[in-house]
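Visitor: If it helps, the file is called protein_2.cif and holds mmCIF, C-alpha atoms:
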data_start
loop_
_atom_site.label_atom_id
_atom_site.label_comp_id
_atom_site.auth_asym_id
_atom_site.auth_seq_id
_atom_site.Cartn_x
_atom_site.Cartn_y
_atom_site.Cartn_z
CA MET D 1 43.76 -15.92 8.89
CA TRP D 2 42.72 -19.35 10.25
CA ALA D 3 41.17 -17.73 13.33
CA ALA D 4 39.27 -15.24 11.19
CA SER D 5 37.98 -18.07 8.99
CA CYS D 6 36.80 -20.02 12.05
CA LEU D 7 35.12 -16.93 13.46
CA ALA D 8 33.33 -16.27 10.17
CA SER D 9 32.18 -19.90 9.99
CA CYS D 10 30.87 -19.75 13.56
CA CYS D 11 29.02 -16.50 12.88
CA ALA D 12 27.45 -17.96 9.72
CA ALA D 13 26.38 -21.10 11.59
CA CYS D 14 24.89 -19.04 14.42
CA ALA D 15 23.04 -16.85 11.91
CA CYS D 16 21.61 -19.91 10.15
CA ASP D 17 20.54 -21.46 13.46
CA ALA D 18 18.94 -18.20 14.55
CA CYS D 19 17.09 -17.91 11.24
CA ARG D 20 15.95 -21.53 11.47
CA THR D 21 14.72 -20.96 15.03
CA VAL D 22 12.76 -17.87 14.01
CA VAL D 23 11.05 -19.44 11.01
CA SER D 24 10.25 -22.64 12.91
CA GLY D 25 8.54 -20.55 15.60
CA ILE D 26 6.06 -19.01 13.15
CA SER D 27 2.63 -20.44 13.95
CA ARG D 28 -0.49 -20.54 11.83
CA ARG D 29 -1.92 -17.54 13.66
CA SER D 30 1.20 -15.42 13.16
CA ALA D 31 1.72 -16.24 9.46
CA ARG D 32 0.21 -12.98 8.25
CA ILE D 33 2.46 -10.96 10.56
CA ALA D 34 5.43 -12.98 9.28
CA TYR D 35 4.61 -11.92 5.72
CA CYS D 36 4.54 -8.33 6.95
CA GLY D 37 7.96 -8.89 8.49
CA LEU D 38 9.31 -10.22 5.20
CA PHE D 39 7.91 -7.19 3.43
CA ALA D 40 9.53 -4.89 6.01
CA LEU D 41 12.82 -6.75 5.41
CA SER D 42 12.54 -5.98 1.70
CA LEU D 43 12.21 -2.28 2.53
CA MET D 44 15.31 -2.42 4.71
CA VAL D 45 17.29 -4.19 1.97
CA SER D 46 16.12 -1.60 -0.58
CA TRP D 47 17.12 1.23 1.74
CA ILE D 48 20.59 -0.25 2.42
CA LEU D 49 21.32 -1.02 -1.25
CA ARG D 50 20.12 2.44 -2.19
CA GLU D 51 22.94 3.83 -0.07
CA VAL D 52 25.79 1.36 -0.68
CA ALA D 53 25.25 -0.59 -3.91
CA ALA D 54 25.99 2.13 -6.46
CA PRO D 55 29.81 1.65 -6.66
CA LEU D 56 29.43 -2.11 -7.24
CA MET D 57 26.66 -1.73 -9.83
CA GLU D 58 28.82 0.70 -11.80
CA LYS D 59 31.21 -2.20 -12.47
CA LEU D 60 28.54 -4.58 -13.81
CA PRO D 61 28.74 -4.43 -17.64
CA TRP D 62 25.13 -5.58 -18.26
CA ILE D 63 23.89 -2.69 -16.10
CA ASN D 64 26.41 0.04 -16.86
CA HIS D 65 26.58 -0.35 -20.64
CA PHE D 66 26.19 3.36 -21.36
CA HIS D 67 28.74 5.33 -23.34
CA GLN D 68 28.82 7.77 -20.45
CA THR D 69 28.39 6.41 -16.92
CA PRO D 70 25.19 7.77 -15.31
CA ASN D 71 25.37 9.61 -12.02
CA ARG D 72 25.23 7.84 -8.67
CA GLU D 73 21.52 8.52 -8.19
CA TRP D 74 20.68 6.45 -11.27
CA PHE D 75 22.32 3.35 -9.78
CA GLU D 76 20.65 3.97 -6.40
CA THR D 77 17.26 4.02 -8.07
CA ASP D 78 18.09 0.99 -10.19
CA ALA D 79 19.03 -1.02 -7.07
CA VAL D 80 15.73 -0.19 -5.37
CA LEU D 81 13.73 -1.18 -8.44
CA ARG D 82 15.52 -4.53 -8.76
CA VAL D 83 14.83 -5.44 -5.13
CA SER D 84 11.24 -4.32 -5.58
CA LEU D 85 10.85 -6.47 -8.71
CA GLY D 86 12.13 -9.54 -6.84
CA ASN D 87 9.70 -8.85 -4.01
CA PHE D 88 6.87 -8.28 -6.48
CA LEU D 89 7.54 -11.59 -8.26
CA PHE D 90 7.75 -13.48 -4.96
CA PHE D 91 4.33 -12.37 -3.77
CA THR D 92 2.79 -12.55 -7.26
CA ILE D 93 3.88 -16.19 -7.60
CA LEU D 94 2.31 -16.95 -4.22
CA ALA D 95 -0.87 -15.12 -5.27
CA VAL D 96 -1.14 -17.25 -8.42
CA ILE D 97 -0.46 -20.47 -6.51
CA MET D 98 -3.15 -19.65 -3.94
CA VAL D 99 -5.93 -18.97 -6.44
CA GLY D 100 -9.00 -21.04 -5.57
CA VAL D 101 -8.08 -22.12 -2.03
CA LYS D 102 -11.45 -22.48 -0.30
CA ASN D 103 -10.85 -24.65 2.77
CA GLN D 104 -8.04 -25.79 5.02
CA LYS D 105 -8.01 -29.28 3.51
CA ASP D 106 -6.34 -27.85 0.42
CA PRO D 107 -2.59 -28.69 0.49
CA ARG D 108 -1.86 -25.10 -0.48
CA ASP D 109 -3.21 -24.00 2.90
CA SER D 110 -0.15 -25.57 4.53
CA LEU D 111 2.09 -23.86 1.97
CA HIS D 112 0.55 -20.50 2.83
CA HIS D 113 1.12 -20.93 6.56
CA GLY D 114 4.34 -22.96 6.61
CA GLY D 115 7.57 -23.69 4.74
CA TRP D 116 9.17 -20.44 5.89
CA MET D 117 12.79 -21.47 5.40
CA MET D 118 12.01 -22.38 1.80
CA LYS D 119 10.17 -19.08 1.33
CA VAL D 120 13.00 -16.96 2.71
CA ILE D 121 15.55 -18.77 0.53
CA SER D 122 13.31 -18.38 -2.54
CA TRP D 123 12.87 -14.68 -1.80
CA CYS D 124 16.64 -14.18 -1.54
CA ILE D 125 17.25 -16.04 -4.82
CA LEU D 126 14.64 -13.99 -6.64
CA VAL D 127 16.08 -10.70 -5.41
CA ILE D 128 19.62 -11.73 -6.40
CA LEU D 129 18.49 -12.86 -9.87
CA MET D 130 16.95 -9.44 -10.50
CA PHE D 131 20.45 -7.94 -10.59
CA PHE D 132 21.23 -10.02 -13.68
CA LEU D 133 18.29 -8.69 -15.72
CA PRO D 134 18.81 -6.11 -18.49
CA ASN D 135 17.91 -2.49 -17.90
CA GLU D 136 15.00 -2.63 -20.35
CA ILE D 137 13.05 -5.01 -18.09
CA ILE D 138 13.66 -2.79 -15.07
CA SER D 139 12.53 0.24 -17.07
CA PHE D 140 9.29 -1.53 -17.99
CA TYR D 141 8.72 -2.56 -14.39
CA GLU D 142 9.24 1.00 -13.24
CA SER D 143 6.61 2.23 -15.70
CA ILE D 144 3.93 -0.21 -14.55
CA SER D 145 4.85 0.37 -10.90
CA LYS D 146 3.33 3.83 -11.01
CA PHE D 147 -0.05 2.39 -11.92
CA GLY D 148 0.34 -0.59 -9.59
CA SER D 149 1.00 1.91 -6.83
CA GLY D 150 -2.24 3.70 -7.67
CA LEU D 151 -4.09 0.39 -7.47
CA PHE D 152 -2.52 -0.25 -4.06
CA LEU D 153 -3.80 3.13 -2.91
CA LEU D 154 -7.29 2.16 -4.10
CA VAL D 155 -7.15 -1.04 -2.03
CA GLN D 156 -6.31 1.06 0.99
CA VAL D 157 -9.26 3.31 0.17
CA VAL D 158 -11.65 0.34 0.19
CA LEU D 159 -10.26 -0.76 3.55
CA LEU D 160 -10.51 2.83 4.81
CA LEU D 161 -14.17 2.95 3.74
CA ASP D 162 -14.83 -0.30 5.59
CA PHE D 163 -13.09 1.03 8.70
CA VAL D 164 -14.88 4.40 8.70
CA HIS D 165 -18.32 2.85 8.19
CA GLY D 166 -17.58 0.34 10.96
CA TRP D 167 -16.39 3.14 13.24
CA ASN D 168 -19.58 5.12 12.58
CA ASP D 169 -21.85 2.09 13.10
CA LYS D 170 -20.17 1.25 16.39
CA TRP D 171 -20.59 4.72 17.88
CA VAL D 172 -24.15 5.06 16.61
CA GLY D 173 -24.89 1.62 18.03
CA PHE D 174 -24.23 2.86 21.56
CA ASP D 175 -27.29 5.11 21.12
CA GLU D 176 -26.11 7.55 23.78
CA GLN D 177 -25.85 11.32 23.66
CA PHE D 178 -22.13 11.28 24.49
CA TRP D 179 -21.28 9.22 21.39
CA TYR D 180 -23.47 11.37 19.15
CA ILE D 181 -21.61 14.44 20.41
CA ALA D 182 -18.31 12.65 19.81
CA LEU D 183 -19.38 11.89 16.21
CA PHE D 184 -20.22 15.54 15.66
CA VAL D 185 -16.93 16.79 17.15
CA VAL D 186 -14.77 14.41 15.10
CA SER D 187 -16.70 15.27 11.93
CA LEU D 188 -16.35 19.00 12.61
CA VAL D 189 -12.60 18.68 13.19
CA CYS D 190 -12.18 16.73 9.93
CA TYR D 191 -14.15 19.26 7.90
CA VAL D 192 -12.33 22.23 9.45
CA GLY D 193 -9.04 20.48 8.73
CA THR D 194 -10.13 19.89 5.13
CA PHE D 195 -10.94 23.53 4.41
CA VAL D 196 -7.94 24.93 6.31
CA PHE D 197 -5.64 22.52 4.45
CA SER D 198 -7.21 23.55 1.12
CA GLY D 199 -6.33 27.16 1.95
CA PHE D 200 -2.69 26.16 2.34
CA LEU D 201 -2.86 24.34 -1.00
CA PHE D 202 -4.06 27.50 -2.73
CA TYR D 203 -1.21 29.41 -1.07
CA TRP D 204 1.50 26.85 -1.92
CA PHE D 205 0.46 25.73 -5.40
CA THR D 206 -1.24 28.76 -6.97
CA PRO D 207 1.37 31.52 -6.47
CA SER D 208 0.42 35.00 -7.61
CA GLY D 209 1.63 36.08 -11.02
CA GLN D 210 1.51 32.53 -12.43
CA ASP D 211 -1.08 30.80 -14.56
CA CYS D 212 -1.88 27.81 -12.36
CA GLY D 213 -5.27 26.81 -13.72
CA LEU D 214 -4.51 23.09 -13.50
CA ASN D 215 -3.62 23.25 -9.80
CA THR D 216 -6.68 25.38 -9.11
CA PHE D 217 -8.82 22.81 -10.91
CA PHE D 218 -7.41 19.97 -8.80
CA ILE D 219 -8.05 21.79 -5.51
CA VAL D 220 -11.53 23.03 -6.45
CA MET D 221 -12.58 19.56 -7.63
CA THR D 222 -11.51 18.12 -4.28
CA LEU D 223 -13.56 20.74 -2.43
CA ILE D 224 -16.57 19.99 -4.65
CA PHE D 225 -16.25 16.33 -3.69
CA ALA D 226 -16.18 17.32 -0.02
CA PHE D 227 -19.46 19.24 -0.42
CA LEU D 228 -20.99 16.37 -2.39
CA PHE D 229 -20.08 13.90 0.36
CA ALA D 230 -21.93 15.98 2.95
CA ILE D 231 -24.98 16.66 0.75
CA VAL D 232 -25.43 13.02 -0.27
CA ALA D 233 -24.75 11.65 3.23
CA LEU D 234 -27.30 13.97 4.85
CA HIS D 235 -30.00 13.48 2.19
CA PRO D 236 -33.15 11.94 3.75
CA ALA D 237 -33.20 9.13 1.19
CA VAL D 238 -29.64 8.09 2.08
CA ASN D 239 -30.01 8.53 5.84
CA GLY D 240 -26.24 8.42 6.23
CA SER D 241 -23.82 9.89 8.75
CA ILE D 242 -21.54 12.88 8.49
CA LEU D 243 -18.53 11.09 10.03
CA PRO D 244 -17.54 8.94 7.00
CA SER D 245 -17.97 11.89 4.62
CA SER D 246 -15.79 14.15 6.79
CA VAL D 247 -12.99 11.58 7.11
CA LEU D 248 -13.03 10.86 3.36
CA SER D 249 -12.98 14.60 2.62
CA LEU D 250 -9.84 15.00 4.71
CA TYR D 251 -8.26 11.99 3.00
CA CYS D 252 -9.08 13.33 -0.48
CA ILE D 253 -7.53 16.72 0.28
CA TYR D 254 -4.42 14.89 1.50
CA LEU D 255 -4.24 12.95 -1.78
CA CYS D 256 -4.57 16.26 -3.63
CA TYR D 257 -1.68 17.67 -1.61
CA SER D 258 0.54 14.65 -2.28
CA ALA D 259 -0.24 14.94 -6.01
CA LEU D 260 0.60 18.64 -6.17
CA ALA D 261 3.76 18.09 -4.14
CA SER D 262 4.87 15.57 -6.79
CA GLU D 263 4.87 18.16 -9.56
CA PRO D 264 8.28 18.78 -11.20
CA ARG D 265 10.56 21.05 -9.19
CA GLU D 266 10.99 23.45 -12.12
CA TYR D 267 7.22 23.85 -12.54
CA GLU D 268 6.46 27.47 -11.67
CA CYS D 269 3.26 26.56 -9.77
CA ASN D 270 5.00 24.19 -7.36
CA GLY D 271 5.74 26.79 -4.72
CA LEU D 272 6.23 24.27 -1.92
CA HIS D 273 9.20 22.41 -3.45
CA LYS D 274 10.42 25.15 -5.75
CA HIS D 275 13.92 25.12 -4.29
CA SER D 276 14.06 21.47 -3.29
CA LYS D 277 16.18 19.05 -5.32
CA ALA D 278 15.16 15.75 -3.72
CA VAL D 279 12.72 14.07 -1.43
CA SER D 280 13.62 14.82 2.19
CA THR D 281 14.66 12.01 4.51
CA GLY D 282 11.79 12.83 6.86
CA THR D 283 9.21 12.62 4.07
CA LEU D 284 10.70 9.37 2.81
CA THR D 285 10.78 7.83 6.29
CA LEU D 286 7.17 8.86 6.95
CA GLY D 287 6.13 7.34 3.63
CA LEU D 288 7.85 4.05 4.40
CA ILE D 289 6.35 3.85 7.89
CA THR D 290 2.92 4.60 6.43
CA THR D 291 3.40 1.86 3.83
CA VAL D 292 4.37 -0.75 6.42
CA LEU D 293 1.47 0.22 8.69
CA SER D 294 -1.04 0.18 5.84
CA VAL D 295 0.11 -3.27 4.73
CA VAL D 296 -0.03 -4.57 8.31
CA TYR D 297 -3.54 -3.14 8.60
CA SER D 298 -4.49 -4.86 5.34
CA ALA D 299 -3.16 -8.16 6.68
CA VAL D 300 -5.06 -7.82 9.95
CA ARG D 301 -8.28 -6.79 8.20
CA ALA D 302 -7.92 -9.75 5.84
CA GLY D 303 -9.42 -11.98 8.52
CA SER D 304 -12.69 -10.04 8.55
CA SER D 305 -15.51 -11.13 6.29
CA THR D 306 -16.72 -7.53 5.93
CA THR D 307 -13.78 -6.54 3.74
CA LEU D 308 -13.05 -7.25 0.10
CA LEU D 309 -10.31 -9.67 1.16
CA SER D 310 -12.73 -12.33 2.37
CA PRO D 311 -14.12 -14.78 -0.18
CA PRO D 312 -17.86 -15.52 -0.37
CA GLY D 313 -18.90 -18.03 2.22
CA SER D 314 -16.06 -17.31 4.61
CA PRO D 315 -16.97 -17.43 8.32
CA ARG D 316 -17.64 -14.16 10.08
CA ALA D 317 -15.41 -13.19 12.94
CA GLY D 318 -16.80 -13.83 16.39
CA LYS D 319 -19.08 -16.72 15.39
CA PRO D 320 -18.20 -20.35 16.21
CA LEU D 321 -17.07 -22.06 13.01
CA LEU D 322 -17.87 -25.63 14.05
CA PRO D 323 -19.22 -27.28 17.20
CA LEU D 324 -16.65 -28.63 19.64
CA ASP D 325 -15.92 -32.33 19.66
CA ASN D 326 -14.13 -34.32 22.32
CA LYS D 327 -12.59 -36.80 19.90
CA ALA D 328 -9.19 -35.60 18.77
CA GLU D 329 -9.26 -37.19 15.32
CA GLU D 330 -12.72 -35.89 14.46
CA LYS D 331 -11.78 -32.46 15.76
CA GLU D 332 -8.67 -32.38 13.60
CA GLU D 333 -10.66 -33.47 10.56
CA LYS D 334 -13.23 -30.78 11.16
CA GLU D 335 -10.49 -28.19 11.61
CA LYS D 336 -9.08 -29.11 8.21
CA SER D 337 -12.49 -28.88 6.56
CA LYS D 338 -13.07 -25.34 7.75
CA PRO D 339 -13.40 -22.73 5.01
CA VAL D 340 -10.58 -20.20 4.86
CA SER D 341 -11.42 -16.90 6.52
CA TYR D 342 -9.82 -14.71 3.85
CA SER D 343 -8.57 -14.92 0.29
CA TYR D 344 -4.94 -16.06 0.34
CA SER D 345 -4.48 -15.03 -3.27
CA PHE D 346 -5.70 -11.48 -2.74
CA PHE D 347 -3.71 -11.28 0.47
CA HIS D 348 -0.47 -11.85 -1.48
CA LEU D 349 -1.61 -9.54 -4.25
CA ILE D 350 -1.74 -6.70 -1.71
CA PHE D 351 1.94 -7.25 -0.96
CA SER D 352 2.74 -7.33 -4.70
CA LEU D 353 1.15 -3.92 -5.17
CA ALA D 354 2.76 -2.63 -1.97
CA SER D 355 6.16 -3.63 -3.38
CA MET D 356 5.56 -1.29 -6.31
CA TYR D 357 4.34 1.48 -4.04
CA SER D 358 7.35 1.25 -1.71
CA ALA D 359 9.71 1.39 -4.70
CA MET D 360 8.04 4.59 -5.86
CA LEU D 361 8.45 6.10 -2.41
CA LEU D 362 12.13 5.18 -2.21
CA THR D 363 12.85 6.59 -5.65
CA GLY D 364 10.62 9.66 -5.37
CA TRP D 365 8.29 8.33 -8.10
CA SER D 366 11.23 8.66 -10.46
CA THR D 367 11.59 8.03 -14.17
CA SER D 368 15.29 7.46 -13.86
CA VAL D 369 15.86 4.27 -15.86
CA GLY D 370 16.17 5.69 -19.33
CA GLU D 371 18.64 6.55 -22.01
CA SER D 372 19.86 9.69 -20.29
CA GLY D 373 20.33 8.01 -16.92
CA LYS D 374 19.11 11.18 -15.19
CA LEU D 375 17.17 10.85 -11.96
CA VAL D 376 13.90 12.75 -11.78
CA ASP D 377 12.58 12.66 -8.24
CA VAL D 378 9.01 13.51 -9.18
CA GLY D 379 6.99 13.92 -12.34
CA TRP D 380 3.62 14.19 -13.98
CA PRO D 381 2.89 10.43 -13.99
CA SER D 382 2.91 10.40 -10.19
CA VAL D 383 0.75 13.53 -10.11
CA TRP D 384 -1.95 11.94 -12.24
CA VAL D 385 -1.80 8.61 -10.42
CA ARG D 386 -2.56 10.34 -7.13
CA ILE D 387 -5.17 12.69 -8.59
CA VAL D 388 -7.00 9.79 -10.25
CA THR D 389 -6.75 7.86 -6.97
CA GLY D 390 -8.45 10.77 -5.21
CA TRP D 391 -11.23 10.89 -7.79
CA ALA D 392 -11.67 7.13 -7.59
CA THR D 393 -11.88 7.45 -3.80
CA ALA D 394 -14.69 9.96 -4.18
CA ALA D 395 -16.49 7.76 -6.71
CA LEU D 396 -16.25 4.67 -4.48
CA PHE D 397 -17.55 6.53 -1.44
CA LEU D 398 -20.48 8.06 -3.34
CA TRP D 399 -21.26 4.64 -4.76
CA SER D 400 -21.25 3.13 -1.27
CA LEU D 401 -23.92 5.68 -0.30
CA LEU D 402 -26.07 5.52 -3.44
CA ALA D 403 -25.86 1.82 -4.35
CA PRO D 404 -28.33 0.63 -1.65
CA ILE D 405 -30.88 3.13 -2.99
CA LEU D 406 -30.33 2.39 -6.66
CA PHE D 407 -30.35 -1.38 -6.15
CA PRO D 408 -32.48 -2.05 -3.05
CA ASP D 409 -32.76 -5.79 -3.75
CA ARG D 410 -29.02 -6.40 -3.51
CA GLU D 411 -26.73 -6.53 -0.47
CA PHE D 412 -23.78 -4.14 -0.27
#
Now, as a test, write the supplied structure out as structure tokens.
Guide:
Amino acid sequence: MWAASCLASCCAACACDACRTVVSGISRRSARIAYCGLFALSLMVSWILREVAAPLMEKLPWINHFHQTPNREWFETDAVLRVSLGNFLFFTILAVIMVGVKNQKDPRDSLHHGGWMMKVISWCILVILMFFLPNEIISFYESISKFGSGLFLLVQVVLLLDFVHGWNDKWVGFDEQFWYIALFVVSLVCYVGTFVFSGFLFYWFTPSGQDCGLNTFFIVMTLIFAFLFAIVALHPAVNGSILPSSVLSLYCIYLCYSALASEPREYECNGLHKHSKAVSTGTLTLGLITTVLSVVYSAVRAGSSTTLLSPPGSPRAGKPLLPLDNKAEEKEEKEKSKPVSYSYSFFHLIFSLASMYSAMLLTGWSTSVGESGKLVDVGWPSVWVRIVTGWATAALFLWSLLAPILFPDREF
């Protein structure tokens, strides 16, 4: 017993030292990646608790206060939501604290880039405290998470628009025949993929013998948007390129697919998942990997002044911020007076929304925290969130093409 106690103490000390070494090695340049790592850790904790925490949670009277104990899936979903809520509060608190940071002289700049041991401890405390909250709060959080997830998808759309327009401008900027051909080939592949994929959607989600007018409406609307993208982009007044419209068309048809795949399993028009009872492990894993990658991409793009993450007046990448000075003290002072290159507050807000989105992926966009305690893997709220996200994507893209014409005196 004494030997086991010593071994446990040594392991705990080594773990603390290792953690201290890791957090002390986080530099200013790697702070954004460290936040991504903390977010990835929250996903791992959610995944683990989803698999192992149910038996323990069944014994907690403030959670399991039902006359009849819910099934195991209810507790799995509840554990994921509680970890997600702790993660959401952690990043939301940071987002509120960082409102109005404009230059590196602000003391909050140091808080954003440092204090990692304190942040990790605070994150752990918040997550643990969430398991002492009543079910009603978790139920409310689950409801708003569906809409927060849709907002997260919209943020990714804005970043996607920025990326696609930048991609197009770069290839056009080469002004060589090879790159023009490459633009045409990529655009053609995206459009072919869009229309082929739409054919599969008609096959999967409008089975013969069923009245599937709603599904048909969703698919047809997406195809109309695809045609509109091409028509507007190629109009002489717009003088746009076909590449962004083709990529956005493919993305919109994917959002339509994900919406239709989220329809209830018993719905007669959901031919793809008609016999499926839960979200597959492969689909769930792909969704989590996509979430992590999209958040990492958001963090990396946050340093660019061309995205919505950068505040007005932030320095553009690639330009010298201040002239070099040989005097160390003056150089340090000038470094501190530099304006921040991205909005710290919005940066943390992205992770807050991503916490909601990851919870919805892990629970299958469920509505499980309720009086019945029954887990519903998918449902109509998730369908409409994704459909509206697709329509908003189309509206944002069309606006990005038409706004310079409608308001020629303003910069977009």
Visitor: As a PyMOL selection string, please: the residues near D:Ala395 (cut-off 12 Å, all atoms listed in the file, same-chain neighbours under 5 positions excluded).
Guide: chain D and resi 154+157-158+161+222+225-226+228-229+248+252+388-390+400-403
Visitor: Since I can't run it myself right now, could you work out what the PyMOL selection byres ((chain D and resi 348) around 9) selects here and report it as a VMD selection string?
Guide: chain D and resid 35 91 to 96 98 343 to 347 349 to 353
Visitor: Considering only C-alpha atoms, return as a tab-separated table (two decimals) with C-alpha atoms, in the coordinates of the input whatever protein or nucleic-acid residues lie within 10 Å of D:Glu51, sequence-local ones (same chain, fewer than 3 positions apart) excluded.
Guide:
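Listed below is the output, out25.tsv:
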chain	number	residue	atom	x	y	z
D	46	SER	CA	16.12	-1.60	-0.58
D	47	TRP	CA	17.12	1.23	1.74
D	48	ILE	CA	20.59	-0.25	2.42
D	54	ALA	CA	25.99	2.13	-6.46
D	55	PRO	CA	29.81	1.65	-6.66
D	72	ARG	CA	25.23	7.84	-8.67
D	73	GLU	CA	21.52	8.52	-8.19
D	75	PHE	CA	22.32	3.35	-9.78
D	76	GLU	CA	20.65	3.97	-6.40
D	77	THR	CA	17.26	4.02	-8.07
D	79	ALA	CA	19.03	-1.02	-7.07
D	80	VAL	CA	15.73	-0.19	-5.37
Visitor: Using all atoms listed in the file for the distances, tell me which of D:Val185, D:Ile242, D:Leu85, D:Cys256 is nearest to D:Phe197.
Guide: D:Cys256
Visitor: Could you please determine the separation between atom CA of D:Cys269 and atom CA of D:Gly213 in Å, to one decimal place?
Guide: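 Between atom CA of D:Cys269 and atom CA of D:Gly213 the gap is 9.4 Å.
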Visitor: Which residue is closest to D:Met360? Choose from D:Leu81, D:Ala261, D:Cys36, D:Val340 and count only C-alpha atoms.
Guide: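 Once distances to D:Met360 are computed over only C-alpha atoms, the minimum belongs to D:Leu81.
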Visitor: Take atom CA of D:Ala394 and atom CA of D:Leu183 and report the distance between them in Å, one decimal.
Guide: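 For atom CA of D:Ala394 relative to atom CA of D:Leu183, the distance reads 21.0 Å.
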Visitor: Please indicate the distance in Å from atom CA of D:Leu361 to atom CA of D:Ser145, rounded to one decimal place.
Guide: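 Value for the atom CA of D:Leu361-atom CA of D:Ser145 distance: 10.9 Å.
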Visitor: List as JSON, numbers by chain: which residues have an atom within 8 Å of (2.7, -4.0, 0.4), counting all atoms listed in the file?
Guide: {"D": [39, 152, 291, 292, 294, 295, 350, 351, 352, 353, 354, 355, 356, 357, 358]}
Visitor: Pick from D:Val385, D:Val247, D:Val238, D:Met130: nearest to D:His165, with only C-alpha atoms counted?
Guide: D:Val247
Visitor: Just checking: using all atoms listed in the file, which residue out of D:Gln104, D:Ser341, D:Asn87, D:Thr363 ends up closest to D:Leu41?
Guide: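 Using all atoms listed in the file, D:Leu41 sits closest to D:Asn87.
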Visitor: Which is closer to D:Phe227 than all the others in D:Val99, D:Leu38, D:Leu398, D:Leu153, using only C-alpha atoms?
Guide: D:Leu398
Visitor: Can you pull out every residue within 12 Å of D:Glu268, counting all atoms listed in the file, but drop anything in the same chain fewer than 4 positions away, and send it as a list in words?
Guide: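 What passes the distance filter is Trp204, Phe205, Thr206, Pro207, Ser208, Gly209, Gln210, Asp211, Cys212, Gly213, Leu214, Asn215, Leu260, Glu263, Pro264, Leu272, His273, Lys274 and His275 of chain D.
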Visitor: Neighbours of D:Phe132 within 8 Å (all atoms listed in the file; same-chain residues fewer than 3 positions away dropped), as a count of residues only?
Guide: 3
Visitor: So which one's closest to D:Val164, D:Pro244, D:Pro236, D:Asp109, D:Phe218? Using all atoms listed in the file, please.
Guide: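 Ranked by minimum distance to D:Val164, first place goes to D:Pro244.
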Visitor: Near D:Ser258, within 10 Å and counting all atoms listed in the file, which residues show up once chain neighbours fewer than 5 positions away are dropped, as a ChimeraX atom specification?
Guide: /D:252-253,263,382-383,386-387
